[in-house]
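**Q** Just so it is clear, I am handing over run29.cif, which has mmCIF, N, CA and C atoms.
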data_query
#
loop_
_atom_site.label_atom_id
_atom_site.label_comp_id
_atom_site.auth_asym_id
_atom_site.auth_seq_id
_atom_site.Cartn_x
_atom_site.Cartn_y
_atom_site.Cartn_z
N MET A 1 74.77 134.04 131.10
CA MET A 1 74.47 133.98 129.69
C MET A 1 75.76 134.07 128.86
N LYS A 2 76.67 134.95 129.29
CA LYS A 2 77.94 135.10 128.57
C LYS A 2 78.74 133.81 128.61
N LYS A 3 78.71 133.12 129.76
CA LYS A 3 79.43 131.85 129.90
C LYS A 3 78.88 130.82 128.91
N LEU A 4 77.57 130.76 128.80
CA LEU A 4 76.93 129.84 127.87
C LEU A 4 77.32 130.17 126.43
N PHE A 5 77.31 131.45 126.08
CA PHE A 5 77.69 131.87 124.73
C PHE A 5 79.15 131.53 124.44
N ASP A 6 80.03 131.77 125.42
CA ASP A 6 81.46 131.45 125.23
C ASP A 6 81.66 129.95 125.04
N GLU A 7 80.93 129.16 125.82
CA GLU A 7 81.03 127.70 125.68
C GLU A 7 80.53 127.25 124.31
N PHE A 8 79.43 127.86 123.86
CA PHE A 8 78.90 127.53 122.54
C PHE A 8 79.89 127.93 121.45
N LYS A 9 80.53 129.07 121.61
CA LYS A 9 81.53 129.53 120.63
C LYS A 9 82.71 128.57 120.56
N ARG A 10 83.17 128.09 121.72
CA ARG A 10 84.26 127.11 121.73
C ARG A 10 83.84 125.81 121.05
N PHE A 11 82.61 125.40 121.30
CA PHE A 11 82.08 124.19 120.68
C PHE A 11 82.05 124.32 119.16
N CYS A 12 81.57 125.46 118.67
CA CYS A 12 81.44 125.67 117.22
C CYS A 12 82.78 125.84 116.52
N THR A 13 83.77 126.31 117.23
CA THR A 13 85.06 126.55 116.57
C THR A 13 86.00 125.36 116.67
N LYS A 14 85.56 124.29 117.29
CA LYS A 14 86.38 123.08 117.30
C LYS A 14 86.49 122.57 115.88
N GLY A 15 87.61 121.96 115.57
CA GLY A 15 87.84 121.44 114.23
C GLY A 15 86.83 120.39 113.81
N ASN A 16 86.42 119.53 114.72
CA ASN A 16 85.49 118.46 114.36
C ASN A 16 84.14 118.99 113.92
N ILE A 17 83.64 120.02 114.56
CA ILE A 17 82.33 120.58 114.21
C ILE A 17 82.39 121.19 112.81
N LEU A 18 83.47 121.90 112.50
CA LEU A 18 83.59 122.50 111.18
C LEU A 18 83.71 121.43 110.10
N GLU A 19 84.45 120.38 110.39
CA GLU A 19 84.58 119.28 109.43
C GLU A 19 83.25 118.58 109.23
N LEU A 20 82.49 118.40 110.30
CA LEU A 20 81.18 117.76 110.21
C LEU A 20 80.23 118.62 109.37
N ALA A 21 80.22 119.92 109.61
CA ALA A 21 79.35 120.81 108.84
C ALA A 21 79.71 120.77 107.36
N THR A 22 81.00 120.78 107.06
CA THR A 22 81.45 120.70 105.68
C THR A 22 81.02 119.37 105.06
N GLY A 23 81.15 118.30 105.81
CA GLY A 23 80.75 116.98 105.32
C GLY A 23 79.26 116.90 105.03
N VAL A 24 78.45 117.51 105.88
CA VAL A 24 77.01 117.50 105.66
C VAL A 24 76.66 118.27 104.39
N MET A 25 77.29 119.42 104.19
CA MET A 25 77.01 120.21 102.99
C MET A 25 77.44 119.47 101.73
N ILE A 26 78.62 118.89 101.76
CA ILE A 26 79.11 118.14 100.59
C ILE A 26 78.24 116.91 100.38
N GLY A 27 77.82 116.28 101.47
CA GLY A 27 76.93 115.11 101.37
C GLY A 27 75.62 115.46 100.71
N GLY A 28 75.06 116.63 101.04
CA GLY A 28 73.82 117.07 100.40
C GLY A 28 74.00 117.27 98.91
N ALA A 29 75.09 117.89 98.52
CA ALA A 29 75.37 118.09 97.10
C ALA A 29 75.63 116.76 96.41
N PHE A 30 76.35 115.88 97.08
CA PHE A 30 76.66 114.56 96.53
C PHE A 30 75.38 113.75 96.33
N THR A 31 74.44 113.86 97.29
CA THR A 31 73.17 113.15 97.19
C THR A 31 72.38 113.64 95.99
N THR A 32 72.40 114.92 95.72
CA THR A 32 71.70 115.46 94.56
C THR A 32 72.27 114.88 93.27
N ILE A 33 73.58 114.79 93.20
CA ILE A 33 74.23 114.23 92.01
C ILE A 33 73.87 112.76 91.84
N VAL A 34 73.93 112.01 92.93
CA VAL A 34 73.62 110.59 92.85
C VAL A 34 72.14 110.36 92.54
N ASN A 35 71.26 111.18 93.12
CA ASN A 35 69.83 111.06 92.79
C ASN A 35 69.60 111.32 91.31
N SER A 36 70.28 112.28 90.74
CA SER A 36 70.17 112.53 89.31
C SER A 36 70.70 111.33 88.52
N LEU A 37 71.82 110.76 88.96
CA LEU A 37 72.36 109.57 88.31
C LEU A 37 71.33 108.45 88.32
N VAL A 38 70.70 108.24 89.47
CA VAL A 38 69.71 107.16 89.59
C VAL A 38 68.48 107.46 88.76
N ASN A 39 67.88 108.64 88.96
CA ASN A 39 66.60 108.96 88.31
C ASN A 39 66.72 109.20 86.81
N ASP A 40 67.80 109.83 86.39
CA ASP A 40 67.92 110.23 84.99
C ASP A 40 68.72 109.26 84.13
N MET A 41 69.55 108.43 84.76
CA MET A 41 70.40 107.54 83.98
C MET A 41 70.07 106.06 84.22
N LEU A 42 70.00 105.66 85.48
CA LEU A 42 69.84 104.23 85.77
C LEU A 42 68.39 103.75 85.73
N MET A 43 67.46 104.54 86.30
CA MET A 43 66.06 104.10 86.34
C MET A 43 65.47 103.91 84.95
N PRO A 44 65.76 104.76 83.96
CA PRO A 44 65.24 104.48 82.61
C PRO A 44 65.77 103.15 82.05
N VAL A 45 67.04 102.83 82.35
CA VAL A 45 67.60 101.55 81.89
C VAL A 45 66.92 100.39 82.62
N ILE A 46 66.71 100.54 83.93
CA ILE A 46 66.02 99.50 84.69
C ILE A 46 64.59 99.34 84.18
N GLY A 47 63.94 100.45 83.89
CA GLY A 47 62.59 100.41 83.32
C GLY A 47 62.57 99.69 82.00
N LEU A 48 63.58 99.93 81.18
CA LEU A 48 63.68 99.25 79.88
C LEU A 48 63.87 97.75 80.08
N LEU A 49 64.71 97.37 81.05
CA LEU A 49 64.95 95.96 81.34
C LEU A 49 63.72 95.27 81.92
N THR A 50 62.89 96.02 82.63
CA THR A 50 61.68 95.44 83.23
C THR A 50 60.46 95.62 82.34
N GLY A 51 60.65 95.94 81.08
CA GLY A 51 59.53 96.06 80.15
C GLY A 51 58.81 97.38 80.22
N GLY A 52 59.50 98.44 80.55
CA GLY A 52 58.89 99.77 80.57
C GLY A 52 58.15 100.09 81.85
N VAL A 53 58.33 99.28 82.88
CA VAL A 53 57.65 99.55 84.16
C VAL A 53 58.39 100.68 84.87
N ASN A 54 57.63 101.69 85.26
CA ASN A 54 58.18 102.80 86.03
C ASN A 54 58.04 102.43 87.50
N LEU A 55 59.15 102.14 88.15
CA LEU A 55 59.09 101.67 89.53
C LEU A 55 58.41 102.67 90.46
N SER A 56 58.67 103.95 90.27
CA SER A 56 58.10 104.94 91.18
C SER A 56 56.59 105.05 91.00
N GLY A 57 56.03 104.51 89.94
CA GLY A 57 54.59 104.58 89.71
C GLY A 57 53.84 103.36 90.23
N LEU A 58 54.52 102.40 90.81
CA LEU A 58 53.86 101.20 91.32
C LEU A 58 53.20 101.50 92.67
N PHE A 59 51.93 101.10 92.78
CA PHE A 59 51.20 101.36 94.02
C PHE A 59 50.04 100.37 94.16
N VAL A 60 49.50 100.34 95.37
CA VAL A 60 48.30 99.56 95.65
C VAL A 60 47.29 100.53 96.24
N ALA A 61 46.08 100.56 95.64
CA ALA A 61 45.00 101.40 96.17
C ALA A 61 44.37 100.68 97.35
N LEU A 62 44.17 101.40 98.44
CA LEU A 62 43.66 100.78 99.67
C LEU A 62 42.17 100.44 99.59
N ASP A 63 41.45 100.98 98.60
CA ASP A 63 40.03 100.62 98.46
C ASP A 63 39.84 99.40 97.55
N GLY A 64 40.92 98.86 97.02
CA GLY A 64 40.85 97.68 96.16
C GLY A 64 40.55 98.00 94.72
N GLY A 65 40.34 99.25 94.40
CA GLY A 65 40.03 99.65 93.02
C GLY A 65 41.27 99.74 92.16
N THR A 66 41.04 99.98 90.87
CA THR A 66 42.13 100.13 89.92
C THR A 66 42.15 101.58 89.42
N TYR A 67 43.31 102.18 89.45
CA TYR A 67 43.48 103.56 89.02
C TYR A 67 44.66 103.65 88.07
N ALA A 68 44.60 104.59 87.17
CA ALA A 68 45.64 104.73 86.15
C ALA A 68 46.98 105.16 86.75
N SER A 69 46.91 105.96 87.80
CA SER A 69 48.15 106.46 88.41
C SER A 69 47.90 106.78 89.88
N ILE A 70 48.98 107.06 90.57
CA ILE A 70 48.88 107.46 91.98
C ILE A 70 48.09 108.75 92.09
N GLU A 71 48.33 109.66 91.16
CA GLU A 71 47.64 110.94 91.18
C GLU A 71 46.14 110.76 91.00
N ALA A 72 45.74 109.83 90.12
CA ALA A 72 44.31 109.57 89.90
C ALA A 72 43.68 109.00 91.16
N ALA A 73 44.37 108.13 91.85
CA ALA A 73 43.85 107.56 93.09
C ALA A 73 43.72 108.63 94.15
N LYS A 74 44.70 109.52 94.24
CA LYS A 74 44.65 110.58 95.25
C LYS A 74 43.53 111.58 94.94
N GLU A 75 43.31 111.85 93.65
CA GLU A 75 42.20 112.75 93.28
C GLU A 75 40.86 112.15 93.67
N ALA A 76 40.76 110.82 93.62
CA ALA A 76 39.52 110.14 94.01
C ALA A 76 39.41 110.03 95.53
N GLY A 77 40.45 110.49 96.24
CA GLY A 77 40.43 110.46 97.70
C GLY A 77 40.75 109.10 98.30
N VAL A 78 41.45 108.27 97.54
CA VAL A 78 41.80 106.93 97.98
C VAL A 78 43.24 106.91 98.48
N GLY A 79 43.46 106.26 99.61
CA GLY A 79 44.81 106.09 100.12
C GLY A 79 45.57 105.07 99.29
N THR A 80 46.86 105.25 99.19
CA THR A 80 47.69 104.34 98.40
C THR A 80 48.92 103.90 99.18
N ILE A 81 49.38 102.72 98.88
CA ILE A 81 50.68 102.25 99.37
C ILE A 81 51.61 102.30 98.17
N ASN A 82 52.55 103.22 98.20
CA ASN A 82 53.43 103.48 97.06
C ASN A 82 54.71 102.64 97.20
N TYR A 83 54.60 101.35 96.98
CA TYR A 83 55.75 100.46 97.14
C TYR A 83 56.80 100.68 96.07
N GLY A 84 56.43 101.20 94.91
CA GLY A 84 57.40 101.48 93.86
C GLY A 84 58.37 102.58 94.26
N THR A 85 57.84 103.61 94.92
CA THR A 85 58.70 104.70 95.41
C THR A 85 59.66 104.16 96.46
N PHE A 86 59.16 103.26 97.30
CA PHE A 86 60.01 102.64 98.32
C PHE A 86 61.13 101.84 97.68
N ILE A 87 60.81 101.06 96.65
CA ILE A 87 61.83 100.28 95.94
C ILE A 87 62.86 101.22 95.31
N GLN A 88 62.38 102.30 94.71
CA GLN A 88 63.30 103.26 94.08
C GLN A 88 64.20 103.90 95.14
N ASN A 89 63.66 104.20 96.31
CA ASN A 89 64.48 104.79 97.38
C ASN A 89 65.52 103.79 97.89
N ILE A 90 65.18 102.51 97.93
CA ILE A 90 66.17 101.50 98.31
C ILE A 90 67.30 101.46 97.28
N ILE A 91 66.93 101.50 96.00
CA ILE A 91 67.95 101.52 94.94
C ILE A 91 68.82 102.77 95.07
N ASN A 92 68.19 103.91 95.32
CA ASN A 92 68.94 105.17 95.52
C ASN A 92 69.93 105.01 96.68
N PHE A 93 69.45 104.46 97.79
CA PHE A 93 70.32 104.29 98.96
C PHE A 93 71.51 103.40 98.64
N LEU A 94 71.26 102.27 97.98
CA LEU A 94 72.36 101.35 97.66
C LEU A 94 73.38 102.00 96.73
N ILE A 95 72.90 102.76 95.76
CA ILE A 95 73.83 103.43 94.84
C ILE A 95 74.61 104.52 95.58
N ILE A 96 73.93 105.28 96.44
CA ILE A 96 74.62 106.33 97.21
C ILE A 96 75.65 105.69 98.13
N ALA A 97 75.27 104.61 98.80
CA ALA A 97 76.21 103.94 99.70
C ALA A 97 77.42 103.41 98.93
N PHE A 98 77.19 102.86 97.74
CA PHE A 98 78.30 102.36 96.93
C PHE A 98 79.20 103.50 96.47
N CYS A 99 78.60 104.62 96.06
CA CYS A 99 79.39 105.78 95.63
C CYS A 99 80.21 106.34 96.80
N VAL A 100 79.61 106.42 97.98
CA VAL A 100 80.35 106.90 99.15
C VAL A 100 81.50 105.94 99.47
N PHE A 101 81.24 104.63 99.37
CA PHE A 101 82.29 103.64 99.60
C PHE A 101 83.45 103.86 98.64
N LEU A 102 83.14 104.04 97.35
CA LEU A 102 84.20 104.27 96.35
C LEU A 102 84.95 105.57 96.63
N PHE A 103 84.21 106.62 97.02
CA PHE A 103 84.82 107.90 97.31
C PHE A 103 85.76 107.80 98.51
N VAL A 104 85.31 107.14 99.58
CA VAL A 104 86.15 106.99 100.77
C VAL A 104 87.37 106.13 100.45
N LYS A 105 87.17 105.10 99.66
CA LYS A 105 88.30 104.23 99.29
C LYS A 105 89.33 105.02 98.48
N ALA A 106 88.87 105.85 97.54
CA ALA A 106 89.79 106.67 96.74
C ALA A 106 90.50 107.69 97.62
N MET A 107 89.76 108.31 98.55
CA MET A 107 90.38 109.31 99.42
C MET A 107 91.40 108.68 100.36
N SER A 108 91.16 107.46 100.79
CA SER A 108 92.12 106.82 101.69
C SER A 108 93.43 106.50 100.97
N LYS A 109 93.37 106.32 99.66
CA LYS A 109 94.60 106.11 98.90
C LYS A 109 95.35 107.42 98.70
N ILE A 110 94.61 108.52 98.59
CA ILE A 110 95.22 109.83 98.36
C ILE A 110 95.81 110.41 99.64
N MET A 111 95.09 110.23 100.75
CA MET A 111 95.50 110.82 102.03
C MET A 111 96.80 110.17 102.51
N PRO A 112 97.68 110.97 103.10
CA PRO A 112 98.92 110.39 103.64
C PRO A 112 98.60 109.48 104.83
N LYS A 113 99.36 108.43 104.94
CA LYS A 113 99.16 107.49 106.03
C LYS A 113 99.70 108.10 107.32
N LYS A 114 98.97 107.87 108.41
CA LYS A 114 99.43 108.34 109.71
C LYS A 114 100.46 107.36 110.24
N GLU A 115 101.56 107.91 110.71
CA GLU A 115 102.59 107.05 111.27
C GLU A 115 102.17 106.63 112.67
N GLU A 116 102.26 105.33 112.90
CA GLU A 116 101.90 104.82 114.22
C GLU A 116 103.07 105.06 115.17
N ALA A 117 102.71 105.42 116.38
CA ALA A 117 103.74 105.64 117.39
C ALA A 117 104.36 104.30 117.74
N PRO A 118 105.68 104.26 117.86
CA PRO A 118 106.31 102.98 118.21
C PRO A 118 105.86 102.54 119.60
N ALA A 119 105.78 101.24 119.76
CA ALA A 119 105.39 100.69 121.06
C ALA A 119 106.44 101.07 122.09
N PRO A 120 105.99 101.36 123.31
CA PRO A 120 106.98 101.72 124.32
C PRO A 120 107.94 100.56 124.57
N LYS A 121 109.21 100.93 124.65
CA LYS A 121 110.24 99.92 124.84
C LYS A 121 110.13 99.32 126.23
N LYS A 122 110.21 98.01 126.30
CA LYS A 122 110.12 97.30 127.57
C LYS A 122 111.38 97.58 128.38
N VAL A 123 111.16 97.97 129.61
CA VAL A 123 112.28 98.24 130.49
C VAL A 123 112.75 96.91 131.08
N ASP A 124 114.05 96.65 130.91
CA ASP A 124 114.63 95.41 131.44
C ASP A 124 114.66 95.43 132.96
N ARG A 125 114.42 94.28 133.55
CA ARG A 125 114.51 94.12 135.00
C ARG A 125 115.97 93.84 135.35
N LEU A 126 116.50 94.60 136.30
CA LEU A 126 117.90 94.44 136.69
C LEU A 126 117.99 93.85 138.09
N CYS A 127 119.03 93.04 138.28
CA CYS A 127 119.32 92.51 139.62
C CYS A 127 119.76 93.69 140.49
N PRO A 128 119.17 93.83 141.69
CA PRO A 128 119.54 94.97 142.53
C PRO A 128 120.96 94.89 143.08
N TYR A 129 121.59 93.73 142.96
CA TYR A 129 122.93 93.54 143.52
C TYR A 129 124.03 93.69 142.46
N CYS A 130 123.89 92.91 141.35
CA CYS A 130 124.95 92.94 140.34
C CYS A 130 124.59 93.79 139.12
N LYS A 131 123.35 94.26 139.07
CA LYS A 131 122.86 95.14 138.01
C LYS A 131 122.83 94.49 136.62
N GLN A 132 122.75 93.15 136.59
CA GLN A 132 122.65 92.43 135.33
C GLN A 132 121.16 92.22 135.01
N VAL A 133 120.85 92.05 133.73
CA VAL A 133 119.47 91.84 133.31
C VAL A 133 119.02 90.44 133.70
N VAL A 134 117.82 90.36 134.33
CA VAL A 134 117.24 89.08 134.71
C VAL A 134 115.82 88.98 134.15
N HIS A 135 115.35 87.77 134.01
CA HIS A 135 114.01 87.53 133.49
C HIS A 135 112.97 88.09 134.47
N ASP A 136 111.81 88.53 133.93
CA ASP A 136 110.78 89.13 134.77
C ASP A 136 110.26 88.19 135.85
N GLU A 137 110.23 86.90 135.58
CA GLU A 137 109.66 85.95 136.53
C GLU A 137 110.74 85.27 137.39
N ALA A 138 111.99 85.65 137.21
CA ALA A 138 113.08 85.00 137.96
C ALA A 138 112.99 85.36 139.45
N THR A 139 113.33 84.39 140.28
CA THR A 139 113.38 84.63 141.73
C THR A 139 114.82 84.70 142.23
N ARG A 140 115.76 84.25 141.39
CA ARG A 140 117.18 84.26 141.72
C ARG A 140 117.95 84.79 140.52
N CYS A 141 118.93 85.62 140.76
CA CYS A 141 119.75 86.17 139.68
C CYS A 141 120.63 85.06 139.11
N GLN A 142 120.60 84.91 137.80
CA GLN A 142 121.42 83.87 137.15
C GLN A 142 122.90 84.24 137.12
N HIS A 143 123.21 85.51 137.36
CA HIS A 143 124.60 85.95 137.29
C HIS A 143 125.31 85.86 138.65
N CYS A 144 124.65 86.35 139.70
CA CYS A 144 125.31 86.38 141.00
C CYS A 144 124.66 85.45 142.02
N GLY A 145 123.49 84.87 141.67
CA GLY A 145 122.84 83.92 142.56
C GLY A 145 122.07 84.55 143.69
N SER A 146 121.92 85.86 143.69
CA SER A 146 121.21 86.55 144.77
C SER A 146 119.71 86.25 144.71
N ASP A 147 119.06 86.22 145.87
CA ASP A 147 117.62 86.04 145.97
C ASP A 147 116.95 87.37 145.65
N ILE A 148 116.20 87.40 144.54
CA ILE A 148 115.55 88.67 144.11
C ILE A 148 114.02 88.52 144.08
N ALA A 149 113.51 87.48 144.72
CA ALA A 149 112.06 87.22 144.69
C ALA A 149 111.28 88.37 145.28
N GLY A 150 111.72 88.92 146.38
CA GLY A 150 110.97 89.99 147.05
C GLY A 150 111.28 91.38 146.53
N LYS A 151 112.15 91.51 145.58
CA LYS A 151 112.56 92.83 145.09
C LYS A 151 111.70 93.30 143.96
#
How does the structure come out when it is put into structure tokens?

**A**
Amino acid sequence: MKKLFDEFKRFCTKGNILELATGVMIGGAFTTIVNSLVNDMLMPVIGLLTGGVNLSGLFVALDGGTYASIEAAKEAGVGTINYGTFIQNIINFLIIAFCVFLFVKAMSKIMPKKEEAPAPKKVDRLCPYCKQVVHDEATRCQHCGSDIAGK
């Protein structure tokens, strides 16, 4: 049991796990802000552009009847397909994805660039006799004429 606990402790104290946990918490807070932006700022404008239609209130009653609202249909015990809520959630997702894209793009400009490790230098092939540089595919040394095919 102690071994399992120690392994779990090592797992939790790794840098990646702590960064992931921080990201999830910030993501939750960020989602709340973006949801407020969508619901309180953008959806009223979209509703105005669509003639006052409240997207989240759009639904189809499964009994074929007409009801004033989703709540009225549910009180009558009728199932509903709330396609307006689905459309609003798609809009929320697209706005959240766009905001995350902008945030990541801004952070990538702020963060210092990682220096790439230089490519390993190619080691020159030397003639075993005269020690001059020869081409990798050469079978004879151009300097001393020695046969280096088998070397």

**Q** Taking the file above as input, evaluate the PyMOL selection byres ((chain A and resi 125) around 6.5) and report the hits as a list in words.

**A**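 With the shown file as input, the PyMOL selection byres ((chain A and resi 125) around 6.5) matches Val123, Asp124, Leu126, Cys127, Gln132, Val133, Val134, His135 and Asp136 of chain A.
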
**Q** Starting from the displayed file, determine the output of the PyMOL selection byres (((chain A and resi 51-61 and name CA) around 6) and name CA) and express the residue list as a list of chain:residue names.

**A**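 Selected by the PyMOL selection byres (((chain A and resi 51-61 and name CA) around 6) and name CA) here: A:Gly47, A:Leu48, A:Leu49, A:Thr50, A:Leu62, A:Asp63, A:Gly64, A:Thr80, A:Ile81, A:Asn82, A:Tyr83, A:Gly84, A:Thr85.
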
**Q** Separation of atom C of Leu94 in chain A and atom C of Ile33 in chain A, in Å?

**A**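 Result for atom C of Leu94 in chain A versus atom C of Ile33 in chain A: 11.8 Å, one decimal.
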
**Q** Running DSSP on the backbone, which parts of range 11-106 of chain A land in alpha helix (DSSP H), as a VMD selection string?

**A** chain A and resid 11 to 12 15 to 36 43 to 49 70 to 75 83 to 106

**Q** Can you report as lines of an AutoDock Vina configuration file the centre and edge lengths in Å, to one decimal, of an axis-aligned box around the listed atoms of range 11-16 of chain A padded with 6 Å on each side?

**A**
center_x = 84.6
center_y = 122.5
center_z = 117.6
size_x = 18.4
size_y = 20.1
size_z = 19.5

**Q** Can you list, as an mmCIF file with N, CA and C atoms, in the frame of the given file, every residue of range 31-142 of chain A that DSSP puts in strand (DSSP E or B)?

**A**
data_model
loop_
_atom_site.group_PDB
_atom_site.id
_atom_site.type_symbol
_atom_site.label_atom_id
_atom_site.label_comp_id
_atom_site.auth_asym_id
_atom_site.auth_seq_id
_atom_site.Cartn_x
_atom_site.Cartn_y
_atom_site.Cartn_z
ATOM 1 N N VAL A 60 49.500 100.340 95.370
ATOM 2 C CA VAL A 60 48.300 99.560 95.650
ATOM 3 C C VAL A 60 47.290 100.530 96.240
ATOM 4 N N ALA A 61 46.080 100.560 95.640
ATOM 5 C CA ALA A 61 45.000 101.400 96.170
ATOM 6 C C ALA A 61 44.370 100.680 97.350
ATOM 7 N N THR A 80 46.860 105.250 99.190
ATOM 8 C CA THR A 80 47.690 104.340 98.400
ATOM 9 C C THR A 80 48.920 103.900 99.180
ATOM 10 N N ILE A 81 49.380 102.720 98.880
ATOM 11 C CA ILE A 81 50.680 102.250 99.370
ATOM 12 C C ILE A 81 51.610 102.300 98.170
ATOM 13 N N ARG A 125 114.420 94.280 133.550
ATOM 14 C CA ARG A 125 114.510 94.120 135.000
ATOM 15 C C ARG A 125 115.970 93.840 135.350
ATOM 16 N N LEU A 126 116.500 94.600 136.300
ATOM 17 C CA LEU A 126 117.900 94.440 136.690
ATOM 18 C C LEU A 126 117.990 93.850 138.090
ATOM 19 N N VAL A 133 120.850 92.050 133.730
ATOM 20 C CA VAL A 133 119.470 91.840 133.310
ATOM 21 C C VAL A 133 119.020 90.440 133.700
ATOM 22 N N VAL A 134 117.820 90.360 134.330
ATOM 23 C CA VAL A 134 117.240 89.080 134.710
ATOM 24 C C VAL A 134 115.820 88.980 134.150
ATOM 25 N N ARG A 140 115.760 84.250 141.390
ATOM 26 C CA ARG A 140 117.180 84.260 141.720
ATOM 27 C C ARG A 140 117.950 84.790 140.520
#

**Q** Would you mind reading off the distance between CA of Glu19 in chain A and CA of Val104 in chain A, one decimal, in Å?

**A** 15.1 Å

**Q** Taking only C-alpha atoms into account, which of A:Ala149, A:Ala68, A:Ile91, A:Ala117 comes nearest Asn35 in chain A?

**A**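 Ranking A:Ala149, A:Ala68, A:Ile91, A:Ala117 by distance to Asn35 in chain A, first place goes to A:Ile91.
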
**Q** So how many Å separate CA of Met41 in chain A and CA of Val24 in chain A, to one decimal?

**A**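 That distance, rounded to one decimal, is 24.8 Å.
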
**Q** Pull the closest atom pair for each residue of range 87-131 of chain A that gets at most 12 Å from range 43-46 of chain A, along with the distance in Å to one decimal, counting only C-alpha atoms, ordering rows by chain and then ascending residue number, as a tab-separated table.

**A**
residue	atom	partner	partner_atom	distance
A:Ile87	CA	A:Met43	CA	11.2
A:Gln88	CA	A:Met43	CA	8.3
A:Asn89	CA	A:Met43	CA	11.2
A:Ile91	CA	A:Met43	CA	9.2
A:Asn92	CA	A:Met43	CA	9.7
A:Ile95	CA	A:Met43	CA	11.5

**Q** Please determine, counting all atoms listed in the file, which residue among A:Leu4, A:Ile70, A:Cys130, A:Val78 has the shortest atom-to-atom distance to Cys144 in chain A.

**A**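 Among the listed residues, A:Cys130 lies closest to Cys144 in chain A.
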
**Q** Please, can range 51-64 of chain A be completed to N, CA, C and O atoms and returned as a JSON list (two decimals), in the coordinates of the input?

**A**
[["chain", "number", "residue", "atom", "x", "y", "z"],
["A", 51, "GLY", "N", 60.65, 95.94, 81.08],
["A", 51, "GLY", "CA", 59.53, 96.06, 80.15],
["A", 51, "GLY", "C", 58.81, 97.38, 80.22],
["A", 51, "GLY", "O", 57.60, 97.44, 79.99],
["A", 52, "GLY", "N", 59.50, 98.44, 80.55],
["A", 52, "GLY", "CA", 58.89, 99.77, 80.57],
["A", 52, "GLY", "C", 58.15, 100.09, 81.85],
["A", 52, "GLY", "O", 57.43, 101.08, 81.91],
["A", 53, "VAL", "N", 58.33, 99.28, 82.88],
["A", 53, "VAL", "CA", 57.65, 99.55, 84.16],
["A", 53, "VAL", "C", 58.39, 100.68, 84.87],
["A", 53, "VAL", "O", 59.59, 100.63, 85.05],
["A", 54, "ASN", "N", 57.63, 101.69, 85.26],
["A", 54, "ASN", "CA", 58.18, 102.80, 86.03],
["A", 54, "ASN", "C", 58.04, 102.43, 87.50],
["A", 54, "ASN", "O", 56.94, 102.41, 88.04],
["A", 55, "LEU", "N", 59.15, 102.14, 88.15],
["A", 55, "LEU", "CA", 59.09, 101.67, 89.53],
["A", 55, "LEU", "C", 58.41, 102.67, 90.46],
["A", 55, "LEU", "O", 57.65, 102.28, 91.34],
["A", 56, "SER", "N", 58.67, 103.95, 90.27],
["A", 56, "SER", "CA", 58.10, 104.94, 91.18],
["A", 56, "SER", "C", 56.59, 105.05, 91.00],
["A", 56, "SER", "O", 55.92, 105.61, 91.87],
["A", 57, "GLY", "N", 56.03, 104.51, 89.94],
["A", 57, "GLY", "CA", 54.59, 104.58, 89.71],
["A", 57, "GLY", "C", 53.84, 103.36, 90.23],
["A", 57, "GLY", "O", 52.61, 103.30, 90.11],
["A", 58, "LEU", "N", 54.52, 102.40, 90.81],
["A", 58, "LEU", "CA", 53.86, 101.20, 91.32],
["A", 58, "LEU", "C", 53.20, 101.50, 92.67],
["A", 58, "LEU", "O", 53.82, 102.08, 93.55],
["A", 59, "PHE", "N", 51.93, 101.10, 92.78],
["A", 59, "PHE", "CA", 51.20, 101.36, 94.02],
["A", 59, "PHE", "C", 50.04, 100.37, 94.16],
["A", 59, "PHE", "O", 49.67, 99.68, 93.22],
["A", 60, "VAL", "N", 49.50, 100.34, 95.37],
["A", 60, "VAL", "CA", 48.30, 99.56, 95.65],
["A", 60, "VAL", "C", 47.29, 100.53, 96.24],
["A", 60, "VAL", "O", 47.58, 101.23, 97.21],
["A", 61, "ALA", "N", 46.08, 100.56, 95.64],
["A", 61, "ALA", "CA", 45.00, 101.40, 96.17],
["A", 61, "ALA", "C", 44.37, 100.68, 97.35],
["A", 61, "ALA", "O", 44.05, 99.49, 97.29],
["A", 62, "LEU", "N", 44.17, 101.40, 98.44],
["A", 62, "LEU", "CA", 43.66, 100.78, 99.67],
["A", 62, "LEU", "C", 42.17, 100.44, 99.59],
["A", 62, "LEU", "O", 41.67, 99.68, 100.41],
["A", 63, "ASP", "N", 41.45, 100.98, 98.60],
["A", 63, "ASP", "CA", 40.03, 100.62, 98.46],
["A", 63, "ASP", "C", 39.84, 99.40, 97.55],
["A", 63, "ASP", "O", 38.73, 98.96, 97.32],
["A", 64, "GLY", "N", 40.92, 98.86, 97.02],
["A", 64, "GLY", "CA", 40.85, 97.68, 96.16],
["A", 64, "GLY", "C", 40.55, 98.00, 94.72],
["A", 64, "GLY", "O", 40.52, 97.10, 93.88]]
